[in-house]
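Participant: Provided herewith: model.txt, compact mmCIF, C-alpha atoms.
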```
# COMPACT_ATOMS: atom_id res chain seq x y z
CA MET Z 1 -31.20 -23.63 -39.77
CA SER Z 2 -27.56 -23.94 -40.80
CA PHE Z 3 -24.92 -25.48 -38.58
CA MET Z 4 -23.14 -22.10 -38.24
CA SER Z 5 -26.34 -20.43 -37.08
CA PHE Z 6 -26.96 -23.23 -34.59
CA ALA Z 7 -23.37 -23.10 -33.33
CA PHE Z 8 -23.62 -19.32 -32.87
CA GLN Z 9 -26.82 -19.71 -30.85
CA VAL Z 10 -25.16 -22.34 -28.63
CA VAL Z 11 -22.19 -20.04 -28.01
CA VAL Z 12 -24.52 -17.14 -27.13
CA VAL Z 13 -26.50 -19.33 -24.71
CA LEU Z 14 -23.31 -20.61 -23.08
CA CYS Z 15 -21.94 -17.06 -22.70
CA VAL Z 16 -25.17 -15.80 -21.16
CA ALA Z 17 -25.27 -18.81 -18.83
CA PHE Z 18 -21.63 -18.21 -17.82
CA TYR Z 19 -22.18 -14.54 -16.99
CA ALA Z 20 -25.52 -15.19 -15.35
CA ALA Z 21 -23.86 -17.71 -13.01
CA ALA Z 22 -21.40 -15.14 -11.66
CA GLU Z 23 -22.03 -13.93 -8.13
CA TYR Z 24 -21.03 -10.88 -6.17
CA GLU Z 25 -21.04 -10.75 -2.37
CA LYS Z 26 -22.82 -7.62 -1.16
CA VAL Z 27 -22.49 -6.16 2.31
CA VAL Z 28 -25.83 -6.40 4.06
CA GLY Z 29 -24.74 -5.62 7.59
CA GLU Z 30 -21.89 -5.70 10.07
CA SER Z 31 -21.75 -7.91 13.11
CA CYS Z 32 -18.15 -7.42 14.21
CA PRO Z 33 -18.01 -4.78 16.98
CA GLN Z 34 -14.31 -4.17 16.30
CA LEU Z 35 -15.19 -2.90 12.82
CA GLN Z 36 -17.96 -0.52 13.77
CA THR Z 37 -15.70 2.54 13.54
CA PRO Z 38 -12.17 3.19 12.32
CA THR Z 39 -11.16 4.15 15.86
CA THR Z 40 -12.20 0.82 17.36
CA LEU Z 41 -10.37 -0.99 14.56
CA PHE Z 42 -7.15 0.97 15.15
CA ASP Z 43 -7.45 0.56 18.91
CA LEU Z 44 -7.68 -3.18 18.32
CA LEU Z 45 -4.79 -3.35 15.85
CA LEU Z 46 -2.32 -0.86 17.30
CA PRO Z 47 -1.43 -2.97 20.35
CA CYS Z 48 -0.30 -5.77 17.99
CA ALA Z 49 2.85 -3.98 16.88
CA SER Z 50 5.87 -3.22 19.02
CA TYR Z 51 7.16 0.34 18.88
CA GLN Z 52 10.27 2.00 20.23
CA SER Z 53 10.19 5.77 20.55
CA GLU Z 54 13.28 7.55 19.28
CA PRO Z 55 13.97 11.27 19.09
CA VAL Z 56 13.66 12.32 15.43
CA ASP Z 57 12.89 15.90 14.49
CA LEU Z 58 10.86 16.52 11.35
CA ILE Z 59 13.48 18.32 9.28
CA CYS Z 60 13.34 19.10 5.57
CA LEU Z 61 16.38 17.58 3.89
CA THR Z 62 18.66 19.54 1.59
CA SER Z 63 19.36 18.09 -1.83
CA GLN Z 64 22.67 16.67 -0.60
CA GLN Z 65 21.01 15.19 2.50
CA SER Z 66 18.27 13.66 0.33
CA ASP Z 67 20.93 11.94 -1.77
CA LYS Z 68 22.68 10.67 1.36
CA TYR Z 69 19.55 9.40 3.16
CA ALA Z 70 18.08 7.84 0.01
CA LYS Z 71 20.99 5.39 0.12
CA THR Z 72 19.57 4.03 3.40
CA VAL Z 73 16.48 2.88 1.47
CA PRO Z 74 18.04 1.41 -1.71
CA ASP Z 75 14.79 -0.08 -3.08
CA TRP Z 76 13.23 3.39 -3.23
CA THR Z 77 13.67 5.89 -6.05
CA LEU Z 78 14.53 9.46 -5.13
CA VAL Z 79 12.59 11.89 -7.35
CA LYS Z 80 13.89 15.48 -7.40
CA ASN Z 81 11.35 18.27 -7.80
CA ASN Z 82 12.06 21.92 -7.01
CA VAL Z 83 8.37 22.88 -7.08
CA THR Z 84 6.56 20.24 -5.02
CA GLY Z 85 9.61 18.98 -3.15
CA ASP Z 86 11.62 15.78 -3.47
CA SER Z 87 9.95 12.45 -2.88
CA LEU Z 88 10.67 8.78 -2.50
CA ARG Z 89 8.77 6.27 -4.65
CA ARG Z 90 8.45 2.53 -4.53
CA SER Z 91 6.14 -0.20 -5.80
CA PHE Z 92 5.63 -3.20 -3.54
CA VAL Z 93 4.34 -6.28 -5.36
CA PHE Z 94 3.02 -9.05 -3.14
CA GLU Z 95 1.76 -12.58 -3.78
CA ASP Z 96 -1.90 -11.55 -3.56
CA PHE Z 97 -4.37 -8.91 -2.39
CA GLN Z 98 -4.48 -10.21 1.18
CA GLN Z 99 -0.75 -9.69 1.64
CA ALA Z 100 -0.93 -6.23 0.06
CA PHE Z 101 -3.80 -5.30 2.37
CA TYR Z 102 -1.95 -6.70 5.40
CA PHE Z 103 1.09 -4.60 4.43
CA MET Z 104 -1.10 -1.50 4.10
CA SER Z 105 -2.78 -2.21 7.44
CA GLN Z 106 0.55 -2.54 9.22
CA THR Z 107 1.88 0.59 7.52
CA ALA Z 108 -1.29 2.51 8.37
CA GLN Z 109 -0.70 1.75 12.03
CA LEU Z 110 2.85 3.06 11.85
CA ALA Z 111 1.76 6.14 9.89
CA GLU Z 112 -1.10 6.92 12.27
CA ARG Z 113 1.12 6.50 15.29
CA ASN Z 114 3.59 9.03 13.87
CA GLN Z 115 0.99 11.27 12.20
CA HIS Z 116 2.92 10.99 8.93
CA HIS Z 117 0.95 9.32 6.15
CA PRO Z 118 1.95 7.93 2.75
CA ASP Z 119 0.42 8.80 -0.58
CA TRP Z 120 -0.39 5.36 -1.91
CA HIS Z 121 -2.43 3.40 -4.38
CA ASN Z 122 -3.40 -0.25 -4.21
CA LEU Z 123 -4.46 -2.44 -7.13
CA TRP Z 124 -4.81 -6.12 -6.27
CA ASN Z 125 -1.32 -7.23 -5.18
CA THR Z 126 0.52 -3.97 -5.83
CA VAL Z 127 0.98 -1.00 -3.52
CA ASP Z 128 2.53 2.08 -5.14
CA VAL Z 129 3.87 4.54 -2.60
CA VAL Z 130 5.05 8.15 -2.72
CA LEU Z 131 6.58 9.65 0.40
CA THR Z 132 7.03 13.39 0.79
CA THR Z 133 6.25 15.96 3.40
CA ASP Z 134 3.72 17.80 1.28
CA ASP Z 135 2.76 20.44 3.82
CA LYS Z 136 6.38 21.62 3.77
CA ALA Z 137 7.07 20.71 0.09
CA CYS Z 138 10.14 18.66 0.91
CA LEU Z 139 11.54 15.25 1.63
CA SER Z 140 11.96 15.03 5.38
CA THR Z 141 13.47 12.83 8.04
CA PHE Z 142 9.98 11.42 8.68
CA ASP Z 143 9.77 10.24 5.05
CA ILE Z 144 13.04 8.37 5.45
CA GLU Z 145 11.86 6.84 8.73
CA LEU Z 146 8.55 5.75 7.19
CA ALA Z 147 10.32 4.25 4.16
CA GLN Z 148 12.59 2.26 6.48
CA GLY Z 149 9.55 1.10 8.47
CA MET Z 150 7.70 0.06 5.32
CA ASP Z 151 10.76 -1.88 4.15
CA LEU Z 152 10.86 -3.71 7.48
CA ILE Z 153 7.15 -4.57 7.29
CA ALA Z 154 7.50 -5.73 3.66
CA SER Z 155 10.55 -7.87 4.52
CA LYS Z 156 8.32 -10.11 6.63
CA LEU Z 157 5.99 -10.78 3.68
CA LYS Z 158 6.44 -12.47 0.31
CA LEU Z 159 7.30 -9.90 -2.31
CA ARG Z 160 7.07 -10.95 -5.94
CA ASN Z 161 9.71 -8.49 -7.08
CA PRO Z 162 11.13 -6.43 -4.21
CA LYS Z 163 13.40 -4.39 -6.52
CA LEU Z 164 10.60 -2.54 -8.35
```
What's the structure tokens form of this structure?

Facilitator:
Amino acid sequence: MSFMSFAFQVVVVLCVAFYAAAEYEKVVGESCPQLQTPTTLFDLLLPCASYQSEPVDLICLTSQQSDKYAKTVPDWTLVKNNVTGDSLRRSFVFEDFQQAFYFMSQTAQLAERNQHHPDWHNLWNTVDVVLTTDDKACLSTFDIELAQGMDLIASKLKLRNPKL
């Protein structure tokens, strides 16, 4: 057997051993009563935040109003669309997945409380968000309010690059 053949066999054995040693934690049950249903989880989490009720009507913004209100959330990008309605977009990049998930959990509470939910995507430490009032095909006052709330929540966490 040549040295190259032997070396190749050693590399193959090491690769197989490396991949064979990997583990994956599988869910086999749940013992936390707070996580038995989404409702019990939200009931547990919602009292953690402080809320102040303010009168805000859900109003579709005109193009000029969208431009004006978008300036109140400078880290968001205003996307104009005459067909599906205007939207606000932002990517939040956190230090790790736990912070991204914490941000999403806090935002979910705010969204659920106001019955106005973001369109979002999470991949590891990044949360990409699109805000629009899709049932009315517009950018609304609720989208601006939610963007401001998300900015406040994110400001209390470590963002890698808050200007994305």

Participant: How many Å lie between atom CA of Gln98 of chain Z and atom CA of His121 of chain Z, rounded to one decimal?

Facilitator: 14.8 Å

Participant: Can I get the residues of segment 84-107 of chain Z within 12 Å of segment 138-141 of chain Z, each with the closest pair of atoms and their distance in Å to one decimal, using all atoms listed in the file, sorted chain first then ascending number, as a tab-separated table?

Facilitator:
```
residue	atom	partner	partner_atom	distance
Z:Thr84	CA	Z:Cys138	CA	7.1
Z:Gly85	CA	Z:Cys138	CA	4.1
Z:Asp86	CA	Z:Leu139	CA	5.1
Z:Ser87	CA	Z:Leu139	CA	5.5
Z:Leu88	CA	Z:Leu139	CA	7.7
Z:Arg89	CA	Z:Leu139	CA	11.3
```

Participant: Could you build a table of the residues in segment 123-157 of chain Z lying no more than 12 Å from segment 67-76 of chain Z, giving for each the nearest pair of atoms and their separation in Å rounded to one decimal place, using all atoms listed in the file, ordered by chain and ascending residue number, as a Markdown table?

Facilitator:
```
| residue | atom | partner | partner_atom | distance |
| --- | --- | --- | --- | --- |
| Z:Asp128 | CA | Z:Trp76 | CA | 10.9 |
| Z:Val129 | CA | Z:Trp76 | CA | 9.5 |
| Z:Val130 | CA | Z:Trp76 | CA | 9.5 |
| Z:Leu131 | CA | Z:Trp76 | CA | 9.8 |
| Z:Leu139 | CA | Z:Ala70 | CA | 10.0 |
| Z:Ser140 | CA | Z:Tyr69 | CA | 9.7 |
| Z:Thr141 | CA | Z:Tyr69 | CA | 8.5 |
| Z:Phe142 | CA | Z:Tyr69 | CA | 11.2 |
| Z:Asp143 | CA | Z:Tyr69 | CA | 10.0 |
| Z:Ile144 | CA | Z:Tyr69 | CA | 7.0 |
| Z:Glu145 | CA | Z:Val73 | CA | 9.5 |
| Z:Leu146 | CA | Z:Val73 | CA | 10.2 |
| Z:Ala147 | CA | Z:Val73 | CA | 6.9 |
| Z:Gln148 | CA | Z:Val73 | CA | 6.4 |
| Z:Gly149 | CA | Z:Val73 | CA | 10.0 |
| Z:Met150 | CA | Z:Val73 | CA | 10.0 |
| Z:Asp151 | CA | Z:Val73 | CA | 7.9 |
| Z:Leu152 | CA | Z:Val73 | CA | 10.5 |
| Z:Ala154 | CA | Z:Asp75 | CA | 11.4 |
| Z:Ser155 | CA | Z:Asp75 | CA | 11.7 |
```

Participant: Please produce a file of those selected residues containing C-alpha atoms, as a short mmCIF file (atom, residue, chain, number, x, y, z; two decimals), keeping the file's coordinate frame.

Facilitator:
```
data_model
loop_
_atom_site.label_atom_id
_atom_site.label_comp_id
_atom_site.auth_asym_id
_atom_site.auth_seq_id
_atom_site.Cartn_x
_atom_site.Cartn_y
_atom_site.Cartn_z
CA ASP Z 128 2.53 2.08 -5.14
CA VAL Z 129 3.87 4.54 -2.60
CA VAL Z 130 5.05 8.15 -2.72
CA LEU Z 131 6.58 9.65 0.40
CA LEU Z 139 11.54 15.25 1.63
CA SER Z 140 11.96 15.03 5.38
CA THR Z 141 13.47 12.83 8.04
CA PHE Z 142 9.98 11.42 8.68
CA ASP Z 143 9.77 10.24 5.05
CA ILE Z 144 13.04 8.37 5.45
CA GLU Z 145 11.86 6.84 8.73
CA LEU Z 146 8.55 5.75 7.19
CA ALA Z 147 10.32 4.25 4.16
CA GLN Z 148 12.59 2.26 6.48
CA GLY Z 149 9.55 1.10 8.47
CA MET Z 150 7.70 0.06 5.32
CA ASP Z 151 10.76 -1.88 4.15
CA LEU Z 152 10.86 -3.71 7.48
CA ALA Z 154 7.50 -5.73 3.66
CA SER Z 155 10.55 -7.87 4.52
#
```

Participant: What is the atom CA of Pro33 of chain Z-atom CA of Ala111 of chain Z distance in Å, reported with one decimal?

Facilitator: 23.7 Å

Participant: Atom CA of Gln52 of chain Z to atom CA of Arg113 of chain Z: how many Å, to one decimal?

Facilitator: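 Taking atom CA of Gln52 of chain Z as the start and atom CA of Arg113 of chain Z as the end point, the length is 11.3 Å.
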
Participant: Which one of Z:Asn122, Z:Thr62, Z:Ser91, Z:Asn81 sits closest to Ser105 of chain Z if you count only C-alpha atoms?

Facilitator: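 Counting only C-alpha atoms, the residue closest to Ser105 of chain Z is Z:Asn122.
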
Participant: Taking into account only C-alpha atoms, which residue in the set Z:Cys32, Z:Val27, Z:Ile153, Z:Leu159 is nearest to Ala108 of chain Z?

Facilitator: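 Nearest candidate to Ala108 of chain Z out of Z:Cys32, Z:Val27, Z:Ile153, Z:Leu159: Z:Ile153.
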
Participant: Between Z:Gln109, Z:Ser66, Z:Asn125, Z:Thr132, which has the minimum distance to Asp96 of chain Z (counting only C-alpha atoms)?

Facilitator: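 Comparing Z:Gln109, Z:Ser66, Z:Asn125, Z:Thr132 against Asp96 of chain Z, the winner is Z:Asn125.
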
Participant: May I ask which of the residues Z:Val93, Z:Val28, Z:Ala49, Z:Val83 is the closest one to Gln106 of chain Z, counting all atoms listed in the file?

Facilitator: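 Among the listed residues, Z:Ala49 lies closest to Gln106 of chain Z.
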